[in-house]
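Asks: Please find upload.txt (compact mmCIF, C-alpha atoms) on the next line:
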```
# COMPACT_ATOMS: atom_id res chain seq x y z
CA MET A 178 -179.39 41.24 99.76
CA SER A 179 -181.11 38.24 101.27
CA GLU A 180 -180.90 35.36 98.81
CA THR A 181 -183.12 32.37 99.43
CA ASN A 182 -184.03 29.18 97.61
CA GLY A 183 -185.03 27.06 100.59
CA THR A 184 -181.67 25.80 101.83
CA SER A 185 -178.04 26.78 101.49
CA ALA A 186 -177.45 23.93 99.04
CA PRO A 187 -179.32 23.21 95.80
CA LYS A 188 -182.35 20.94 96.15
CA HIS A 189 -183.00 18.07 93.75
CA PHE A 190 -186.24 16.20 93.40
CA ALA A 191 -185.35 13.12 91.41
CA SER A 192 -187.34 10.11 92.58
CA PRO A 193 -188.10 6.64 91.23
CA ARG A 194 -191.78 7.53 91.66
CA THR A 195 -191.92 10.75 89.66
CA ARG A 196 -194.06 11.15 86.55
CA VAL A 197 -192.36 11.01 83.16
CA PRO A 198 -192.21 14.37 81.31
CA THR A 199 -194.10 14.56 78.02
CA PRO A 200 -191.58 14.69 75.14
CA GLY A 201 -191.31 18.19 73.71
CA LYS A 202 -193.27 19.85 76.53
CA ALA A 203 -191.69 22.66 78.54
CA THR A 204 -190.89 21.92 82.18
CA VAL A 205 -189.74 23.99 85.14
CA LEU A 206 -186.27 22.73 86.01
CA ALA A 207 -185.28 25.00 88.91
CA MET A 208 -186.37 28.07 90.87
CA GLY A 209 -184.78 30.72 93.07
CA LYS A 210 -185.75 33.89 94.88
CA ALA A 211 -184.10 36.91 96.51
CA PHE A 212 -185.09 39.87 98.66
CA PRO A 213 -183.69 43.15 99.89
CA ARG A 214 -182.14 43.12 103.36
CA GLN A 215 -184.90 44.98 105.18
CA LEU A 216 -187.69 42.77 106.56
CA VAL A 217 -190.73 44.68 107.84
CA PRO A 218 -193.18 42.94 110.20
CA GLN A 219 -196.70 44.08 109.37
CA ASP A 220 -197.44 45.07 112.95
CA CYS A 221 -194.54 47.56 112.81
CA LEU A 222 -195.39 49.05 109.42
CA VAL A 223 -197.95 51.69 110.40
CA GLU A 224 -195.83 53.53 112.97
CA GLY A 225 -192.81 53.54 110.64
CA PHE A 226 -194.76 54.66 107.57
CA ILE A 227 -196.59 57.45 109.41
CA ARG A 228 -193.34 58.64 111.01
CA ASP A 229 -191.29 58.52 107.80
CA THR A 230 -193.90 60.41 105.78
CA LYS A 231 -194.54 62.92 108.61
CA CYS A 232 -198.27 62.25 108.43
CA GLU A 233 -200.29 63.88 111.21
CA ASP A 234 -203.75 62.78 110.06
CA LEU A 235 -205.12 60.40 112.70
CA ALA A 236 -207.88 59.17 110.38
CA ILE A 237 -205.30 58.05 107.81
CA LYS A 238 -203.33 56.23 110.47
CA GLU A 239 -206.42 54.41 111.74
CA LYS A 240 -207.43 53.40 108.22
CA LEU A 241 -203.96 52.07 107.48
CA GLU A 242 -204.05 50.06 110.70
CA ARG A 243 -207.34 48.47 109.61
CA LEU A 244 -206.01 47.71 106.13
CA CYS A 245 -202.84 46.12 107.51
CA LYS A 246 -204.98 43.68 109.47
CA THR A 247 -207.34 42.79 106.62
CA THR A 248 -204.55 42.09 104.08
CA THR A 249 -203.44 39.01 106.13
CA VAL A 250 -199.81 39.98 105.39
CA LYS A 251 -197.43 39.24 108.27
CA THR A 252 -194.03 40.18 106.83
CA ARG A 253 -192.65 41.95 103.77
CA TYR A 254 -189.26 42.87 102.39
CA THR A 255 -188.56 46.40 101.20
CA VAL A 256 -185.81 48.35 99.48
CA MET A 257 -187.04 51.55 101.12
CA SER A 258 -185.13 52.38 104.29
CA ARG A 259 -184.45 55.18 106.71
CA GLU A 260 -181.10 55.75 105.00
CA ILE A 261 -182.78 56.26 101.62
CA LEU A 262 -185.25 58.76 103.05
CA ASP A 263 -182.44 60.63 104.78
CA LYS A 264 -180.65 60.92 101.44
CA TYR A 265 -183.80 61.66 99.42
CA PRO A 266 -186.25 63.43 101.81
CA GLU A 267 -188.19 64.70 98.80
CA LEU A 268 -189.61 61.18 98.31
CA ALA A 269 -191.82 61.77 101.34
CA THR A 270 -192.83 65.28 100.25
CA GLU A 271 -196.17 65.66 98.48
CA GLY A 272 -195.92 66.92 94.91
CA SER A 273 -192.13 66.67 94.57
CA PRO A 274 -190.80 65.78 91.08
CA THR A 275 -188.80 62.71 92.04
CA ILE A 276 -188.84 60.31 89.09
CA LYS A 277 -185.07 60.81 88.59
CA GLN A 278 -184.31 60.00 92.22
CA ARG A 279 -186.62 56.99 92.24
CA LEU A 280 -184.92 55.48 89.21
CA GLU A 281 -181.49 56.12 90.74
CA ILE A 282 -182.60 53.84 93.58
CA ALA A 283 -184.84 51.36 91.74
CA ASN A 284 -182.71 50.48 88.72
CA PRO A 285 -179.69 49.12 90.63
CA ALA A 286 -181.87 47.58 93.36
CA VAL A 287 -183.97 45.67 90.84
CA LEU A 288 -180.86 44.41 89.05
CA GLU A 289 -179.20 43.31 92.31
CA MET A 290 -182.25 41.28 93.34
CA ALA A 291 -182.68 39.86 89.83
CA GLU A 292 -179.08 38.70 89.75
CA ALA A 293 -179.31 37.04 93.19
CA ALA A 294 -182.55 35.20 92.32
CA SER A 295 -181.11 34.09 88.96
CA ARG A 296 -177.95 32.75 90.56
CA ALA A 297 -180.05 30.80 93.07
CA ALA A 298 -182.06 29.20 90.26
CA ILE A 299 -178.94 28.39 88.21
CA ALA A 300 -177.28 26.82 91.26
CA GLU A 301 -180.29 24.55 91.75
CA TRP A 302 -180.31 23.72 88.04
CA ARG A 303 -176.70 22.37 88.26
CA ARG A 304 -175.61 23.58 84.82
CA PRO A 305 -173.39 26.57 83.95
CA PRO A 306 -174.84 29.98 83.00
CA SER A 307 -173.33 29.56 79.54
CA ASP A 308 -175.94 26.84 78.87
CA ILE A 309 -178.74 29.43 79.11
CA THR A 310 -179.89 30.14 75.56
CA HIS A 311 -182.72 32.63 76.25
CA LEU A 312 -183.62 35.18 78.92
CA VAL A 313 -187.12 36.45 79.69
CA TYR A 314 -186.90 39.46 82.01
CA VAL A 315 -189.91 41.01 83.78
CA SER A 316 -190.22 44.23 85.79
CA SER A 317 -192.69 47.03 86.42
CA SER A 318 -190.23 48.82 88.68
CA GLU A 319 -187.42 50.14 86.47
CA LEU A 320 -187.10 52.30 83.39
CA ARG A 321 -183.94 52.62 81.29
CA LEU A 322 -182.39 51.94 77.90
CA PRO A 323 -180.81 49.46 77.44
CA GLY A 324 -183.11 47.58 79.73
CA GLY A 325 -182.55 45.37 82.72
CA ASP A 326 -182.43 42.29 80.50
CA LEU A 327 -179.09 43.36 79.01
CA HIS A 328 -177.69 44.42 82.40
CA LEU A 329 -178.71 41.06 83.91
CA ALA A 330 -177.22 39.06 81.03
CA GLY A 331 -173.92 40.84 81.54
CA ALA A 332 -173.94 40.44 85.32
CA LEU A 333 -174.57 36.69 85.03
CA GLY A 334 -171.99 36.16 82.30
CA LEU A 335 -174.55 34.84 79.81
CA ARG A 336 -173.25 34.30 76.31
CA PRO A 337 -173.52 37.26 73.90
CA ASP A 338 -175.94 35.45 71.58
CA VAL A 339 -178.47 34.75 74.33
CA GLY A 340 -181.97 35.54 73.04
CA ARG A 341 -183.51 38.24 75.26
CA VAL A 342 -187.16 39.16 75.79
CA MET A 343 -188.05 42.10 78.05
CA LEU A 344 -191.56 42.43 79.53
CA TYR A 345 -192.13 45.81 81.18
CA PHE A 346 -195.13 47.12 83.16
CA LEU A 347 -197.41 44.10 83.00
CA GLY A 348 -198.03 44.29 86.74
CA CYS A 349 -199.19 41.30 88.71
CA TYR A 350 -199.71 38.90 85.81
CA GLY A 351 -196.19 39.38 84.43
CA GLY A 352 -194.74 36.25 86.04
CA VAL A 353 -197.26 33.93 84.41
CA THR A 354 -196.84 35.75 81.09
CA ALA A 355 -193.11 35.13 81.33
CA LEU A 356 -193.68 31.41 81.88
CA ARG A 357 -195.97 31.35 78.83
CA VAL A 358 -193.31 33.06 76.70
CA ALA A 359 -190.62 30.73 78.06
CA LYS A 360 -192.82 27.74 77.25
CA ASP A 361 -193.20 28.88 73.63
CA ILE A 362 -189.45 29.43 73.29
CA ALA A 363 -188.51 26.09 74.87
CA GLU A 364 -190.94 24.07 72.79
CA ASN A 365 -190.02 25.72 69.50
CA ASN A 366 -186.24 25.70 69.96
CA PRO A 367 -185.07 22.15 70.72
CA GLY A 368 -182.37 22.02 73.38
CA SER A 369 -182.96 25.59 74.53
CA ARG A 370 -182.88 26.56 78.21
CA VAL A 371 -184.75 29.70 79.21
CA LEU A 372 -183.97 31.75 82.30
CA VAL A 373 -187.08 33.61 83.52
CA THR A 374 -186.36 36.42 85.97
CA THR A 375 -188.77 38.86 87.63
CA SER A 376 -187.78 41.72 89.94
CA GLU A 377 -189.90 44.39 91.61
CA THR A 378 -189.63 47.25 94.12
CA THR A 379 -192.27 49.63 95.45
CA ILE A 380 -189.77 52.54 95.44
CA ILE A 381 -191.15 53.67 92.10
CA GLY A 382 -194.60 54.21 93.65
CA PHE A 383 -193.78 55.23 97.24
CA ARG A 384 -195.81 58.30 98.22
CA PRO A 385 -196.84 60.11 101.38
CA PRO A 386 -200.45 59.35 102.36
CA SER A 387 -203.21 61.77 101.35
CA ALA A 388 -206.91 61.90 102.20
CA ALA A 389 -207.48 62.68 98.50
CA ARG A 390 -205.93 59.31 97.53
CA PRO A 391 -207.31 56.68 99.92
CA TYR A 392 -206.38 53.90 97.49
CA ASP A 393 -202.68 54.63 98.09
CA LEU A 394 -203.06 53.11 101.55
CA VAL A 395 -203.97 49.74 100.03
CA GLY A 396 -200.57 49.65 98.34
CA ALA A 397 -198.81 50.66 101.54
CA ALA A 398 -200.54 47.82 103.40
CA LEU A 399 -200.18 45.12 100.75
CA PHE A 400 -197.15 45.36 98.43
CA GLY A 401 -193.57 44.21 98.98
CA ASP A 402 -190.25 43.95 97.14
CA GLY A 403 -188.24 40.99 95.84
CA ALA A 404 -187.19 38.92 92.85
CA ALA A 405 -187.73 35.41 91.52
CA ALA A 406 -186.27 33.22 88.79
CA ALA A 407 -186.86 29.89 87.08
CA VAL A 408 -185.13 27.78 84.45
CA VAL A 409 -187.48 26.34 81.81
CA GLY A 410 -186.71 23.73 79.16
CA ALA A 411 -188.15 20.74 77.28
CA ASP A 412 -186.77 17.20 77.19
CA PRO A 413 -184.75 17.37 80.46
CA VAL A 414 -181.34 15.73 80.57
CA GLU A 415 -181.73 12.57 82.64
CA GLY A 416 -179.48 12.44 85.68
CA VAL A 417 -178.56 16.12 85.34
CA GLU A 418 -181.81 18.08 85.40
CA SER A 419 -184.70 17.57 87.81
CA PRO A 420 -188.01 18.74 86.29
CA PHE A 421 -190.83 19.06 88.79
CA MET A 422 -193.61 20.73 86.81
CA GLU A 423 -194.75 20.64 83.20
CA LEU A 424 -196.21 23.69 81.45
CA SER A 425 -198.93 21.89 79.52
CA PHE A 426 -201.08 24.65 78.01
CA ALA A 427 -201.13 28.44 78.36
CA MET A 428 -203.86 31.00 77.77
CA GLN A 429 -204.34 34.77 78.08
CA MET A 430 -207.58 36.75 78.01
CA PHE A 431 -208.54 40.38 78.56
CA LEU A 432 -211.96 41.70 79.58
CA PRO A 433 -213.13 44.36 77.09
CA GLY A 434 -214.05 47.70 78.62
CA THR A 435 -212.11 47.19 81.85
CA HIS A 436 -208.83 48.95 81.04
CA ASP A 437 -209.46 51.60 83.72
CA VAL A 438 -210.17 49.17 86.59
CA ILE A 439 -206.42 48.86 87.24
CA ASP A 440 -204.93 52.19 86.21
CA GLY A 441 -201.21 52.98 86.47
CA ARG A 442 -199.57 56.18 85.27
CA ILE A 443 -196.00 57.47 85.31
CA SER A 444 -195.52 61.11 86.25
CA GLU A 445 -192.78 63.33 87.67
CA GLU A 446 -193.74 61.91 91.09
CA GLY A 447 -193.24 58.25 90.09
CA ILE A 448 -195.87 55.70 89.16
CA ASN A 449 -199.36 56.08 90.56
CA PHE A 450 -201.85 53.22 90.73
CA ARG A 451 -205.59 53.24 91.15
CA LEU A 452 -207.45 49.96 91.79
CA GLY A 453 -211.17 49.87 91.12
CA ARG A 454 -213.35 48.50 93.90
CA ASP A 455 -215.08 46.25 91.37
CA LEU A 456 -211.86 44.33 90.58
CA PRO A 457 -212.71 41.26 92.74
CA GLN A 458 -216.22 41.15 91.28
CA ARG A 459 -214.96 41.36 87.70
CA ILE A 460 -212.63 38.45 88.33
CA GLU A 461 -215.36 36.46 90.05
CA ASP A 462 -217.73 36.98 87.11
CA ASN A 463 -215.26 35.59 84.55
CA ILE A 464 -213.00 33.14 86.35
CA GLN A 465 -215.03 29.96 86.01
CA GLY A 466 -215.16 29.97 82.20
CA PHE A 467 -211.48 30.88 81.94
CA CYS A 468 -210.43 28.02 84.21
CA GLN A 469 -212.70 25.54 82.47
CA SER A 470 -211.11 26.36 79.10
CA LEU A 471 -207.73 25.42 80.52
CA MET A 472 -209.01 22.32 82.32
CA ASP A 473 -210.66 20.97 79.19
CA LYS A 474 -207.18 20.48 77.71
CA ALA A 475 -206.50 17.82 80.36
CA LYS A 476 -210.08 16.52 80.39
CA VAL A 477 -210.36 17.43 84.08
CA SER A 478 -213.87 18.39 85.13
CA GLY A 479 -213.71 18.97 88.88
CA PHE A 480 -212.10 22.09 90.35
CA ASN A 481 -211.22 20.15 93.48
CA GLU A 482 -209.41 17.47 91.48
CA MET A 483 -206.60 19.96 90.80
CA PHE A 484 -203.96 21.92 92.70
CA TRP A 485 -204.15 25.72 92.57
CA ALA A 486 -201.30 28.24 92.30
CA VAL A 487 -203.06 31.60 92.24
CA HIS A 488 -201.37 34.98 92.37
CA PRO A 489 -202.54 36.44 95.71
CA GLY A 490 -203.45 39.95 94.61
CA GLY A 491 -205.21 40.30 97.94
CA PRO A 492 -207.41 38.26 100.28
CA ALA A 493 -210.63 39.49 98.65
CA ILE A 494 -209.65 38.02 95.27
CA LEU A 495 -208.66 34.69 96.83
CA ASN A 496 -211.89 34.56 98.85
CA ARG A 497 -214.04 35.31 95.80
CA LEU A 498 -212.27 32.69 93.69
CA GLU A 499 -212.52 30.09 96.44
CA GLY A 500 -216.23 30.73 96.88
CA THR A 501 -217.13 30.94 93.19
CA LEU A 502 -215.36 27.68 92.31
CA ARG A 503 -216.40 26.03 95.58
CA LEU A 504 -212.85 25.00 96.31
CA ALA A 505 -212.21 22.76 99.27
CA THR A 506 -210.60 24.24 102.36
CA GLY A 507 -206.84 24.37 101.87
CA LYS A 508 -206.80 24.52 98.07
CA LEU A 509 -205.44 28.07 98.15
CA ASP A 510 -203.14 27.58 101.12
CA CYS A 511 -199.96 28.10 99.09
CA SER A 512 -201.29 31.41 97.76
CA ARG A 513 -202.35 32.55 101.23
CA ARG A 514 -198.99 31.52 102.66
CA ALA A 515 -197.08 33.50 100.04
CA LEU A 516 -199.25 36.55 100.70
CA MET A 517 -198.68 36.22 104.44
CA ASP A 518 -194.90 35.81 104.15
CA PHE A 519 -194.07 38.29 101.37
CA GLY A 520 -197.11 40.43 100.58
CA ASN A 521 -198.11 41.06 96.99
CA VAL A 522 -194.76 41.31 95.17
CA SER A 523 -196.37 41.86 91.76
CA SER A 524 -194.94 39.60 89.01
CA ASN A 525 -192.71 37.68 91.44
CA THR A 526 -195.43 36.33 93.67
CA ILE A 527 -196.58 33.45 91.48
CA PHE A 528 -193.08 31.93 91.80
CA TYR A 529 -193.26 32.09 95.59
CA VAL A 530 -196.62 30.30 95.37
CA LEU A 531 -195.16 27.67 93.02
CA GLU A 532 -192.25 27.06 95.36
CA TYR A 533 -194.64 26.38 98.25
CA MET A 534 -196.71 24.22 95.90
CA ARG A 535 -193.62 22.22 94.97
CA GLU A 536 -193.22 21.33 98.64
CA GLU A 537 -196.88 20.31 98.89
CA LEU A 538 -196.80 18.14 95.77
CA ARG A 539 -193.80 16.17 96.96
CA ARG A 540 -196.10 14.26 99.27
CA GLU A 541 -197.21 10.88 97.91
CA GLY A 542 -200.47 10.98 96.00
CA GLY A 543 -200.47 14.70 95.16
CA GLU A 544 -202.69 15.88 92.30
CA GLU A 545 -201.31 15.51 88.79
CA TRP A 546 -203.00 18.55 87.23
CA GLY A 547 -203.23 22.13 88.41
CA LEU A 548 -203.60 25.73 87.36
CA ALA A 549 -201.33 28.77 87.70
CA LEU A 550 -203.39 31.96 87.53
CA ALA A 551 -202.69 35.69 87.73
CA PHE A 552 -204.69 38.84 87.07
CA GLY A 553 -203.61 42.37 86.24
CA PRO A 554 -204.14 45.50 84.15
CA GLY A 555 -206.50 45.07 81.25
CA ILE A 556 -208.23 43.42 83.14
CA THR A 557 -205.98 40.59 81.95
CA PHE A 558 -206.29 36.93 82.95
CA GLU A 559 -203.19 34.79 82.48
CA GLY A 560 -203.29 31.05 83.10
CA ILE A 561 -201.23 27.91 82.61
CA LEU A 562 -202.38 24.31 82.89
CA LEU A 563 -199.71 22.59 84.97
CA ARG A 564 -198.80 18.93 85.32
CA SER A 565 -196.95 17.89 88.44
CA LEU A 566 -194.00 15.56 87.89
CA GLN A 567 -193.60 15.00 91.64
CA ASN A 568 -194.25 11.84 93.63
CA ILE A 569 -197.11 9.59 92.54
```
Turn the structure described in the file into C-alpha cells.
Replies:
Amino acid sequence: MSETNGTSAPKHFASPRTRVPTPGKATVLAMGKAFPRQLVPQDCLVEGFIRDTKCEDLAIKEKLERLCKTTTVKTRYTVMSREILDKYPELATEGSPTIKQRLEIANPAVLEMAEAASRAAIAEWRRPPSDITHLVYVSSSELRLPGGDLHLAGALGLRPDVGRVMLYFLGCYGGVTALRVAKDIAENNPGSRVLVTTSETTIIGFRPPSAARPYDLVGAALFGDGAAAAVVGADPVEGVESPFMELSFAMQMFLPGTHDVIDGRISEEGINFRLGRDLPQRIEDNIQGFCQSLMDKAKVSGFNEMFWAVHPGGPAILNRLEGTLRLATGKLDCSRRALMDFGNVSSNTIFYVLEYMREELRREGGEEWGLALAFGPGITFEGILLRSLQNI
C-alpha cells in the first residue's frame, strides 16, 4: 500500500491571514489519500493489458493506444497485478463466472486502501480516532454484509457508538455526495466530527477486450484505483484544528429520462458499465443553470470569479464545461492534474482535486468562493458551494 498525504508529516495551514469560519458551518479539517502499490505509466498500459488478456485483435490494440493518448492520463495505480492473474486466470477469460473471485480480491483491497487513507487524514487532523463521531463510507467496488463501513470502523478503532452511513454504487459523484451528507451531519449535531472515506478498485469490472464491447476500452484507458478521506466538522477548535475549506451550500439534481446514459449492471462476470456518447453533451446542456443556482447563494455572478474543483470524468467533459462557462485558461488545472496523475478514480477523484486546490489557494489573494462538482449515473449532478479559508 502506498499511503500519501503530501509529506511524511501532517501539514497544518494555520495562518494569521486566514478567513474566519462561519459559526455552525461545516468545514474540511483534514484530508488523506492512499493507493495500491502498483503504479502503471500510461505508455506501458497497452502492451501489458493486451498481453495479460491474451488479445490478438490488432484493431483493438490500435484503438486502445489512441484512447490512452486522448485521455491525457499519465499514471494510474491499480490493484490488478500479474500475480492476481496467475492466481485467477479466469478473470481474463471471456464469459467466465467470476463475481466470487472478484469480491475475494476487491473487498480486502478496498478496506486496506480505505484504512490507509483514513489514517492519513486522522494524522493530519491531530486528534485521536476516538473523537470521530460519524463515518460516511463510499464505494462502488465491494459487495458484502456487513459492509465496509463496519469493517473500517473496527480497523480504525472507532468507538462502538459511531454513527455510520454507507453509500454504495453511486459512481463518480459519490465523493461529493459524501461531503454533502457529512455537512448535514456536522451542522445538525454540534461538536460532531465526521470521517468521510471513499475507496475504489477496477477489479470488479476488469474484462478482456471484445470488439462487441468497444466502450470497455474507455474504462481500460481511463480508470484507476485508490482511496481518499477527509475529516469534516463545524466550529473548529482553535489552536488544534486547521480548517481550510467551508462547505457553504450543497445541491443535487438528476436529469429525467437519462438513467440509461450511464448504465452499470452486476452479473456473474462482475460489473459492466456502458457510457452513452451523449454524456458530455447532456452535461453541457444543463451545467450553467446548475452552477448558477449554487453561485446565487454567495451572490457571485461571474464564473471566473470562483475557483473550480470538478470531478475529471474525462477530458471531453472538462473541455465542454470550460467552453460552455467560458472559463479562463487554468481554471480547471487542478482537475486536469488529478486526471493526469491518477486517472478517473470514481468517487475518490474529487478529493485529489481538492488537495491540489488546497495548494493553489494557499497563495495570497486566492479566490474566496468556489464550486465542487461531480457527475454520475442518473444522470446526477452533485455540487457544493465552497468557501476558501486559506490566505487572503
Asks: What's the separation between atom CA of Val522 of chain A and atom CA of Glu499 of chain A, in Å to one decimal place?
Replies: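 A separation of 21.0 Å between them.
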Asks: To box segment 408-423 of chain A, take all atoms listed in the file, fit an axis-aligned box, add 3 Å on each side, and give centre and edge lengths in Å to one decimal, as lines of an AutoDock Vina configuration file.
Replies:
```
center_x = -186.7
center_y = 20.1
center_z = 83.0
size_x = 22.2
size_y = 21.3
size_z = 17.6
```
Asks: Choose the residue, out of A:Gly225, A:Gly520, A:Gly201, A:Pro266, that has the smallest atom-to-atom separation from Ala398 of chain A; count only C-alpha atoms.
Replies: A:Gly520
Asks: With only C-alpha atoms counted, which protein, DNA or RNA residues have an atom no more than 8 Å from (-181.2, 47.5, 98.8) in the file frame? Please answer as a VMD selection string.
Replies: chain A and resid 178 213 to 215 255 to 257 286 289
Asks: Could I get the residues of segment 376-491 of chain A with an atom no further than 10 Å from an atom of segment 279-285 of chain A, each paired with its nearest atom pair and that distance in Å to one decimal, using all atoms listed in the file, sorted by chain and residue number, as a tab-separated table?
Replies:
```
residue	atom	partner	partner_atom	distance
A:Glu377	CA	A:Ala283	CA	8.6
A:Thr378	CA	A:Ala283	CA	6.7
A:Thr379	CA	A:Ala283	CA	8.5
A:Ile380	CA	A:Ala283	CA	6.3
A:Ile381	CA	A:Arg279	CA	5.6
A:Gly382	CA	A:Arg279	CA	8.6
A:Phe383	CA	A:Arg279	CA	8.9
A:Glu445	CA	A:Arg279	CA	10.0
A:Glu446	CA	A:Arg279	CA	8.7
A:Gly447	CA	A:Arg279	CA	7.1
A:Ile448	CA	A:Arg279	CA	9.8
```
Asks: Could you tell me how far atom CA of Pro554 of chain A sits from atom CA of Ser523 of chain A, in Å to one decimal place?
Replies: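 We find that atom CA of Ser523 of chain A and atom CA of Pro554 of chain A lie 11.5 Å from each other.
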Asks: Quick one: residues within 9 Å of Ala475 of chain A, only C-alpha atoms, excluding same-chain residues fewer than 5 positions away - as a PyMOL selection string?
Replies: chain A and resi 425+546+562
Asks: Report as JSON lines the residues of segment 461-494 of chain A within 12 Å of segment 335-354 of chain A, each with its shortest atom pair and distance in Å (one decimal), using all atoms listed in the file, ordered by chain and increasing residue number.
Replies:
```
{"residue": "A:Ala486", "atom": "CA", "partner": "A:Val353", "partner_atom": "CA", "distance": 10.5}
{"residue": "A:Val487", "atom": "CA", "partner": "A:Val353", "partner_atom": "CA", "distance": 10.0}
{"residue": "A:His488", "atom": "CA", "partner": "A:Cys349", "partner_atom": "CA", "distance": 7.6}
{"residue": "A:Pro489", "atom": "CA", "partner": "A:Cys349", "partner_atom": "CA", "distance": 9.2}
{"residue": "A:Gly490", "atom": "CA", "partner": "A:Cys349", "partner_atom": "CA", "distance": 7.4}
{"residue": "A:Gly491", "atom": "CA", "partner": "A:Cys349", "partner_atom": "CA", "distance": 11.1}
```
Asks: Hey, what's within 12 Å of Glu239 of chain A if we count all atoms listed in the file and toss same-chain stuff fewer than 6 positions away? As a list of chain:residue names, please?
Replies: A:Val223, A:Glu224, A:Ile227, A:Cys232, A:Glu233, A:Cys245, A:Lys246, A:Leu394
Asks: Okay, now the selection with C-alpha atoms, as a short mmCIF file (atom, residue, chain, number, x, y, z; two decimals), in the coordinates of the input?
Replies:
```cif
data_model
loop_
_atom_site.label_atom_id
_atom_site.label_comp_id
_atom_site.auth_asym_id
_atom_site.auth_seq_id
_atom_site.Cartn_x
_atom_site.Cartn_y
_atom_site.Cartn_z
CA VAL A 223 -197.95 51.69 110.40
CA GLU A 224 -195.83 53.53 112.97
CA ILE A 227 -196.59 57.45 109.41
CA CYS A 232 -198.27 62.25 108.43
CA GLU A 233 -200.29 63.88 111.21
CA CYS A 245 -202.84 46.12 107.51
CA LYS A 246 -204.98 43.68 109.47
CA LEU A 394 -203.06 53.11 101.55
#
```
Asks: Given all atoms listed in the file as the basis, pick out the residue of A:Asn525, A:Asn568, A:Thr247, A:Ser316 nearest to Pro492 of chain A.
Replies: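 The closest residue to Pro492 of chain A is A:Thr247.
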Asks: Which residues of segment 388-504 of chain A come within 7 Å of segment 534-544 of chain A, and for each one, what is the closest pair of atoms and their distance in Å to one decimal, counting only C-alpha atoms, sorted by chain and residue number, as a Markdown table?
Replies:
```
| residue | atom | partner | partner_atom | distance |
| --- | --- | --- | --- | --- |
| A:Glu482 | CA | A:Glu544 | CA | 7.0 |
| A:Met483 | CA | A:Glu544 | CA | 5.8 |
| A:Phe484 | CA | A:Glu544 | CA | 6.2 |
```
Asks: Determine the nearest neighbour of Asp440 of chain A from the options A:Ala298, A:Asp518, A:Ala207, A:Gly553, counting only C-alpha atoms.
Replies: A:Gly553
Asks: My list of candidates is A:Thr310, A:Ser419, A:Ser524, A:Thr230. Which is closest to Ser376 of chain A when distances are computed with only C-alpha atoms?
Replies: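 Distance minimum relative to Ser376 of chain A lands on A:Ser524.
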Asks: Using only C-alpha atoms, find the one residue out of A:Phe480, A:Tyr314, A:Phe552, A:Tyr529 that sits nearest to Phe431 of chain A.
Replies: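 Of the candidates, the smallest distance to Phe431 of chain A is held by A:Phe552.
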Asks: Which residue gives the smallest distance to Val315 of chain A among A:Thr375, A:Pro200, A:Ala300, A:Leu509, with only C-alpha atoms counted?
Replies: A:Thr375
Asks: Counting all atoms listed in the file, I want the residues whose atoms come within 10 Å of (-203.7, 45.2, 107.1) in the file frame, returned as a PyMOL selection string.
Replies: chain A and resi 219-220+222-223+240-251+394-395+397-399
Asks: Hey, what's within 12 Å of Ala332 of chain A if we count all atoms listed in the file and toss same-chain stuff fewer than 6 positions away? As a list in words, please?
Replies: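 My list of contacting residues is Pro285, Leu288, Glu289, Met290, Ala291, Glu292, Ala293, Ser295, Arg296, Pro306, Gly325 and Asp326 of chain A.
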Asks: Need to verify the contact set: Leu312 of chain A, 6 Å, only C-alpha atoms, exclusion of same-chain residues closer than 2 positions in sequence. Can you return it as a list in words?
Replies: Arg341, Val371, Leu372 and Val373 of chain A
Asks: Got a sec: who's within 10 Å of Gly560 of chain A, counting only C-alpha atoms, leaving out chain neighbours fewer than 2 positions off, as number ranges by chain?
Replies: A: 350, 353-354, 356-357, 426-430, 467-468, 470-471, 486-487, 548-552, 557-558, 562-563
Asks: Just give me the gap between atom CA of Thr252 of chain A and atom CA of Asp229 of chain A in Å, one decimal is fine.
Replies: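 A separation of 18.6 Å between them.
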